[in-house]
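First up is the structure itself, then whatever we jot down about it.
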Amino acid sequence: MPKGGHHHHRRWPSNNNHNNHNNNHSQRSSAAAASGQHHHYAPPRPPFDIYMVDDFFPRVAPIADHDTQLSTAILARNTELTPTPEEQTNIINMVSKVQMVLENITLSPGTFDACQIDEVRPVGSFKKGTMKIGHNCADLVVILKTLPVIDAIQSLGAKVLEELAKLETNSSSSSSSTTTTTAAPDIGIDDHPSGFAIVNRTTRASVRILIATIMPNLRKLDPKIHLPVKLIQRHLSAIRHARWFEESANVTTVKVLIRVLRDLFGRFQGLSALTPWMIDVLAHYSVTFRHQQSLLPLNTAFKRVLQLLAGGIFLPGSTGISDPCENGAITLHSSLSLIQEDTICMTAQTLLRILSYGDGYRIILGLDPDNTGITDNMSVWDGVVVAPSTAAFELPPKDDEMDTQETAAAVGGGGTGGSSVDKAIIGDPIVVTVSA
């Protein structure tokens with residue numbers, strides 16, 4: 001008979017006062033107004049992180065074989081996810097040619113006057129060195145001196161393609177006198193909401209051109225003819241992110257962890273709301289941010305990521321992690337919805353429990369297939385049953401839905417004589433029950 005699995009129930013912060021949604025909305029409002037009650041919000045608190053207080057919890061047991069196996073497995077998975085030498089060569093060559101063409105247009109535009117380029121910056125996983133196999137795409141942000149008119153961006157894409165064709169023709173002619181090439185038939189252009197993409201149809205390597213403009217132009221944008229201002233701001237943020245990564249997170253352990261986490265978060269739906277930027281900062285935090293000065297080893301940093309997420313670092317009421325490119329004024333998880341925050345937390349709790357037993361780490365890392373859906377169904381590891389965590393948050397019903405339910409309850413006697421209604425305020429009915 002297997003042993004019972006652990007159940008970690010998350011208590012939703014007290015400032016989410018959904019426990020009164022048995023009462024009518026107007027009654028709640030009038031009662032609060034009459035009594036003069038005010039909501040009191042607790043200050044944000046950090047989740048427990050043992051690596052910030054490890055001096056108080058010294059290790060008493062030697063490092064287990066499980067930790068060594070996890071390290072080996074993470075490195076093996078990183079090898080599988082790293083682009084092949086051929087892919088790396090193809091994308092590097094593609095980026096070099098596109099950058100050369102853009103530089104020529106910047107310095108010597110000739111008759112091209114649709115727009116003026118200020119500078120070109122590589123960003124994203126190509127710049128950071130965290131690309132994954134099968135995703136042979138690099139990003140370049142092109143900052144324009146002129147306004148980002150959509151028609152002008154299309155003209156720029158056509159000009160880049162034209163110059164690339166000339167470049168390919170010249171390089172082919174000079175490299176072999178027996179080969180005749182009139183154009184570059186394997187180079188094409190694809191439309192993209194952020195600008196355009198130059199694609200090598202043969203090697204599948206592509207370079208996305210993300211259009212931005214200089215800061216004074218942002219207040220002059222017209223959404224009818226220009227790119228959306230939010231899109232341009234996102235591209236400018238990508239430049240700041242790449243600069244921060246190069247200065248602060250350019251560490252091999254961080255890069256390997258990012259590549260593995262991006263693969264992991266893409267395979268488990270409950271973690272898919274985490275953006276690449278959140279993953280970058282979370283990985284850097286897990287490796288470097290601790291009480292001691294030394295960096296955490298890869299396997300420990302991997303576990304720490306799940307521990308932080310499972311402990312509620314991205315839940316409301318948590319201090320979270322400050323965005324390093326926003327002067328500490330914004331936390332990383334501020335863009336997540338309450339449901340996304342709860343789903344991330346409960347998925348990480350389930351994965352963390354599985355990571356503690358047997359060969360569960362192999363499925364988590366993707367070395368073995370997940371045939372049963374370990375985050376949605378019970379699983380057994382070394383005789384221990386691991387049940388998936390359940391949601392600790394649900395949206396309160398709308399006012400009209402509550403009125404309909406109360407009317408039906410009054411007509412039908414409410415099942416309890418109308419004197420008492422038991423309602424679970426959290427998704428898991430065994431956590432909290434309120435009697436009205």
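Residues in the structure tokens are named by chain (A, B, ... in the order shown) and by number from 1 within that chain; ligands are numbered from 1 in the order shown.
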Margin query: Could you list, as number ranges by chain, every residue within 7 Å of Thr347 (chain A), counting only C-alpha atoms and ignoring same-chain residues fewer than 5 positions away?
Written below: A: 270-271, 375, 389
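Omitting Leu107 (chain A) and its sequence neighbours fewer than 6 positions away, and counting only C-alpha atoms, the residues within 10 Å are A:Gln116, A:Ile117, A:Asp118.
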Notebook entry, point to check: Using the chain letters and numbers from this document, which residues of region 359-394 of chain A does DSSP assign to strand (DSSP E), as an MDAnalysis selection string?
Noted result: chainID A and resid 379:381 384:386
Checklist line | Counting only C-alpha atoms, the residue of A:Ala283, A:Val386, A:Thr331, A:Ser356 that sits nearest Thr252 (chain A) | finding: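 Result for the nearest residue to Thr252 (chain A): A:Ala283.
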Sel. of alpha helix (DSSP H) residues, region 122-239 of chain A, as a CSV table (one decimal) with C-alpha atoms, in the first residue's frame:
chain,number,residue,atom,x,y,z
A,124,GLY,CA,16.8,38.1,-27.4
A,125,SER,CA,18.1,34.5,-27.0
A,126,PHE,CA,20.6,34.9,-29.9
A,127,LYS,CA,22.3,37.8,-28.2
A,128,LYS,CA,22.2,36.1,-24.8
A,150,ILE,CA,4.0,50.8,-41.7
A,151,ASP,CA,4.4,51.4,-45.5
A,152,ALA,CA,8.0,52.6,-44.9
A,153,ILE,CA,8.8,49.5,-42.9
A,154,GLN,CA,7.6,47.4,-45.8
A,155,SER,CA,9.8,49.4,-48.1
A,156,LEU,CA,12.7,48.8,-45.7
A,157,GLY,CA,12.1,45.0,-45.8
A,158,ALA,CA,12.1,45.0,-49.6
A,159,LYS,CA,15.3,47.0,-49.7
A,160,VAL,CA,17.0,44.6,-47.3
A,161,LEU,CA,15.9,41.6,-49.4
A,162,GLU,CA,17.2,43.3,-52.5
A,163,GLU,CA,20.6,44.0,-51.0
A,164,LEU,CA,20.8,40.5,-49.6
A,165,ALA,CA,20.2,39.1,-53.1
A,166,LYS,CA,23.0,41.2,-54.5
A,167,LEU,CA,25.3,40.1,-51.6
A,168,GLU,CA,24.5,36.4,-52.2
A,169,THR,CA,25.1,36.8,-55.9
A,170,ASN,CA,28.5,38.5,-55.5
A,171,SER,CA,29.6,36.0,-52.8
A,172,SER,CA,28.6,33.0,-55.0
A,173,SER,CA,30.3,34.4,-58.1
A,174,SER,CA,33.6,35.1,-56.2
A,175,SER,CA,33.7,31.7,-54.4
A,229,VAL,CA,3.4,52.5,-29.2
A,230,LYS,CA,3.2,49.5,-26.8
A,231,LEU,CA,5.0,47.3,-29.4
A,232,ILE,CA,7.7,49.9,-29.9
A,233,GLN,CA,8.2,50.2,-26.1
A,234,ARG,CA,8.5,46.4,-25.9
A,235,HIS,CA,11.3,46.5,-28.5
A,236,LEU,CA,13.1,49.2,-26.6
A,237,SER,CA,12.7,47.2,-23.4
A,238,ALA,CA,14.3,44.2,-25.2
A,239,ILE,CA,17.5,46.4,-25.7
Check: What is the distance, in Å and to one decimal place, between CA of Thr319 (chain A) and CA of Pro47 (chain A)?
Finding: 8.0 Å
Using only C-alpha atoms, find each residue in region 297-411 of chain A having at least one atom no more than 10 Å away from region 56-79 of chain A; report its shortest atom-to-atom pair and that distance in Å (one decimal), rows by chain then rising number, as JSON lines.
{"residue": "A:Pro297", "atom": "CA", "partner": "A:Ser71", "partner_atom": "CA", "distance": 8.6}
{"residue": "A:Leu298", "atom": "CA", "partner": "A:Ser71", "partner_atom": "CA", "distance": 6.7}
{"residue": "A:Asn299", "atom": "CA", "partner": "A:Ser71", "partner_atom": "CA", "distance": 5.0}
{"residue": "A:Thr300", "atom": "CA", "partner": "A:Asp67", "partner_atom": "CA", "distance": 8.0}
{"residue": "A:Phe302", "atom": "CA", "partner": "A:Ile74", "partner_atom": "CA", "distance": 8.7}
{"residue": "A:Lys303", "atom": "CA", "partner": "A:Leu70", "partner_atom": "CA", "distance": 9.6}
{"residue": "A:Leu355", "atom": "CA", "partner": "A:Leu70", "partner_atom": "CA", "distance": 9.2}
{"residue": "A:Ser356", "atom": "CA", "partner": "A:His66", "partner_atom": "CA", "distance": 8.6}
{"residue": "A:Tyr357", "atom": "CA", "partner": "A:His66", "partner_atom": "CA", "distance": 8.8}
{"residue": "A:Gly358", "atom": "CA", "partner": "A:His66", "partner_atom": "CA", "distance": 8.2}
{"residue": "A:Asp359", "atom": "CA", "partner": "A:His66", "partner_atom": "CA", "distance": 8.9}
{"residue": "A:Tyr361", "atom": "CA", "partner": "A:Leu70", "partner_atom": "CA", "distance": 7.0}
{"residue": "A:Arg362", "atom": "CA", "partner": "A:Ala73", "partner_atom": "CA", "distance": 7.2}
{"residue": "A:Leu365", "atom": "CA", "partner": "A:Arg77", "partner_atom": "CA", "distance": 6.9}
{"residue": "A:Gly366", "atom": "CA", "partner": "A:Arg77", "partner_atom": "CA", "distance": 7.5}
{"residue": "A:Leu367", "atom": "CA", "partner": "A:Arg77", "partner_atom": "CA", "distance": 6.7}
Margin query: One decimal, in Å: what's the spacing between CA of Asp139 (chain A) and CA of Thr111 (chain A)?
Written below: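 Atom-to-atom, CA of Asp139 (chain A) to CA of Thr111 (chain A), that is 26.6 Å.
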Notebook entry, point to check: From the set A:Asn200, A:Thr275, A:Ser194, A:Ser286, which residue has the shortest atom-to-atom contact distance to Ala301 (chain A), counting only C-alpha atoms?
Noted result: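 Of all the options, A:Ser286 lies closest to Ala301 (chain A).
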Next item on the list: Considering only C-alpha atoms, return as number ranges by chain whatever protein or nucleic-acid residues lie within 10 Å of Ile354 (chain A), sequence-local ones (same chain, fewer than 2 positions apart) excluded.
Entry: A: 5, 348-352, 356-361, 363-364, 374-375, 379-381, 384-388
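CA of Leu274 (chain A) to CA of Arg240 (chain A) spans 18.9 Å [interatomic distance, one decimal].
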Check: From the set A:Val149, A:Leu210, A:Leu81, A:Leu306, which residue has the shortest atom-to-atom contact distance to His135 (chain A), counting only C-alpha atoms?
Finding: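 Answer, going by the shortest atom-to-atom distance: A:Leu81.
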Next item on the list: Have a look at A:Pro276, A:Gly188, A:Pro122, A:Pro397 and name the one nearest to Gln99 (chain A); count only C-alpha atoms.
Entry: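 Looking at the shortest contact to Gln99 (chain A), the residue is A:Pro122.
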